[in-house]
Amino acid sequence: MKNSRLYKTISTNHGANLKPVLVYILPVIAIILTLSSLTSCKKLIDIKPSTTAQLGSEVYTDSASVQAVISGMYGKLSVLSTTQSYRSSISTLSGFSADELNYVGSSYDQFINNAIPVTDTNVGDIWSNSYSTIYVANSLIEGVTQSSSISVQFKNQAIAEAEFIRSFCYFYLANLYGDVPLVLTTNVATNAVMARTPVATIYTQLIADLKSAQSILPADYSISGNARTRANKWIVTALLARIELYNKNWSAAETQSDAIIANTTLFSLSTDLTKVFTPGNTEAIWQFYNDATGYTAYAGTVLPNAVTRIPTYVLTTGLVNAFETGDKRMAAWTASLVYNGTTYYYPYKYKSVTTGANAEYYTIFRLAEMYLIRAEARAEQSNISGAQADLSVIRNRAGLPNTTAGDQASILLAIEQERRIELNNEWGHRWLDLKRTGRANAVIGALKPTWNSTAELFPIPSVEITNNPNLTQNPGY
């Protein structure tokens, strides 16, 4: 990798902003040197976007430099992120906001009570980390499009990966904040004053981008050395299936999820629930590499301290009671401890905090979700037997009998329940499910006296409102 070329590019293009950029990038270069013996897909570099400058065209002069930017783009979400946004916070903050998680203490009362101040740094971090990653994706698309020194095949692959990562970030921005600016270029002057874009328009863009990427990216995991960590056709398809479900395009959601389920060469449900989150297992569709610790940031966040054994992130009583008798997921994916005479249950899908073990990878998409997407899409199309079959696959894996739900209304509630258990504390599924199905007021409103329907959206960070005169705040804040 040509670090000298990238260093020169930053020096040339950032001028007065060189110092803050170097403060950010020099530790990254050290990581690159440490990992230089690994495969190219794990080489990491990051370029912090400046408010006044773009990534220079010199970065995109050869495939090695482009590869470095691609790796950095993934890294901004995972191993190189300066926040926990995509490494744990989307899961935990959404869990507090819904009915999954409580916190022993007062640190996250604003989420548990659905009364988030506009100055909350957690909300601000998700926003800024998302747009920072989108900036790199946009720069990558523009840079390789204009480059004449890399192959057409690699150029198309790089653009497709950038479109996927950008779409992934926008999925969470749109579902957490509602209408947000749809930034598709690196034009700082235009982006700085961009107004909010309707979610429907954002979804139209994402679906178009994902279908393009789906047709270009490989149908195996070869570009990531068979680790399931880098976008391919199936990872793109998983996001597309989810977005089509949220967009209530039931037929398309069924088609996309079915394509993954049908690929039995690459994907199958793990029969051992303790192996669902291990690196490269056949249930995994997309996973993050760990950082230098060798364990997931999520486990490091939610598991009780091994010495003090003081619980912090704990499951709500409602979630614990929602597990059916005999459900194997209760034993495999939760754990408990007694503290000051009280028994606390906590998330235990990710168990390892052993330095260097890499026993688990943080999993973003997995096959079980695809079965549940197809079940819901089928139910919405009145294919009750098909929905029952898919739901029963997930239930049987958990040691439970086939569903007894026999009509559309009851099967949809059964799917909601199964998603609550199967996908609990993963990537905000419960929080987003209650909102997209219009069930938040009924479920959370009955549970929390502090609930107000305007709390379905996080506030737009106040600093963004201050900096952009065309941004408006969400109702209720």
# chains A, B, ... in the order shown; residues from 1 in each chain; ligands from 1
>>> select_by_dssp(residues="segment 359-471 of chain A", states="strand (DSSP E or B)", output="count of residues only")
5
>>> residues_around(residues="Met330 of chain A", least_positions_apart="3", cutoff="10 Å", atoms="only C-alpha atoms", output="compact mmCIF listing (two decimals) with C-alpha atoms, in the first residue's frame")
# COMPACT_ATOMS: atom_id res chain seq x y z
CA VAL A 320 -37.57 -11.97 29.89
CA ALA A 322 -41.81 -12.98 26.60
CA PHE A 323 -39.66 -16.10 26.15
CA GLU A 324 -41.84 -19.22 25.96
CA THR A 325 -41.17 -22.14 28.26
CA GLY A 326 -38.62 -24.43 26.61
CA ASP A 327 -37.21 -21.77 24.29
CA TRP A 333 -28.65 -15.87 24.42
CA THR A 334 -29.28 -14.55 27.93
CA ALA A 335 -27.45 -14.88 31.22
CA TYR A 345 -30.80 -10.92 33.14
CA PRO A 347 -27.85 -9.93 26.75
CA TYR A 348 -25.55 -12.87 26.12
CA ALA A 398 -35.35 -22.79 19.13
CA ILE A 421 -37.25 -12.90 20.66
>>> residues_around(residues="Leu210 of chain A", least_positions_apart="4", cutoff="9 Å", atoms="only C-alpha atoms", output="ChimeraX atom specification")
/A:160,163-164,167,205-206,214-215,236-237,239-240
>>> residues_around(residues="Ser385 of chain A", least_positions_apart="6", cutoff="12 Å", atoms="only C-alpha atoms", output="count of residues only")
15
>>> atom_distance(atom1="atom CA of Ile207 of chain A", atom2="atom CA of Arg230 of chain A")
19.1 Å
>>> closest_atom_pairs(of="segment 202-259 of chain A", to="segment 423-437 of chain A", cutoff="12 Å", atoms="only C-alpha atoms", output="tab-separated table")
residue	atom	partner	partner_atom	distance
A:Arg242	CA	A:His429	CA	10.6
A:Ile243	CA	A:Arg436	CA	11.1
A:Leu245	CA	A:Arg436	CA	9.5
A:Tyr246	CA	A:Arg436	CA	6.6
A:Asn247	CA	A:Arg436	CA	9.0
A:Lys248	CA	A:Arg436	CA	9.4
>>> write_last_selection(atoms="C-alpha atoms", output="mmCIF file, in the first residue's frame")
data_model
loop_
_atom_site.group_PDB
_atom_site.id
_atom_site.type_symbol
_atom_site.label_atom_id
_atom_site.label_comp_id
_atom_site.auth_asym_id
_atom_site.auth_seq_id
_atom_site.Cartn_x
_atom_site.Cartn_y
_atom_site.Cartn_z
ATOM 1 C CA ARG A 242 -35.166 -5.381 4.663
ATOM 2 C CA ILE A 243 -35.789 -2.061 2.919
ATOM 3 C CA LEU A 245 -40.207 -4.900 3.828
ATOM 4 C CA TYR A 246 -40.050 -1.482 5.501
ATOM 5 C CA ASN A 247 -41.305 0.052 2.258
ATOM 6 C CA LYS A 248 -44.287 -2.368 2.345
#
>>> atom_distance(atom1="atom CA of Asn470 of chain A", atom2="atom CA of Pro198 of chain A")
14.1 Å
>>> closest_residue(among="A:Thr82, A:Thr255, A:Thr121, A:Thr133", to="Ile460 of chain A", atoms="only C-alpha atoms")
A:Thr121
>>> closest_residue(among="A:Phe111, A:Tyr103, A:Tyr170, A:Phe154", to="Tyr131 of chain A", atoms="only C-alpha atoms")
A:Tyr170
>>> closest_residue(among="A:Phe171, A:Trp250, A:Phe365, A:Tyr298", to="Gln381 of chain A", atoms="only C-alpha atoms")
A:Trp250
>>> atom_distance(atom1="atom CA of Val79 of chain A", atom2="atom CA of Gly294 of chain A")
10.4 Å
>>> closest_residue(among="A:Ala189, A:Val393, A:Ala299, A:Ala331", to="Tyr361 of chain A", atoms="only C-alpha atoms")
A:Ala299
>>> closest_residue(among="A:Lys328, A:Arg309, A:Arg366, A:Ser352", to="Asn340 of chain A", atoms="only C-alpha atoms")
A:Arg309
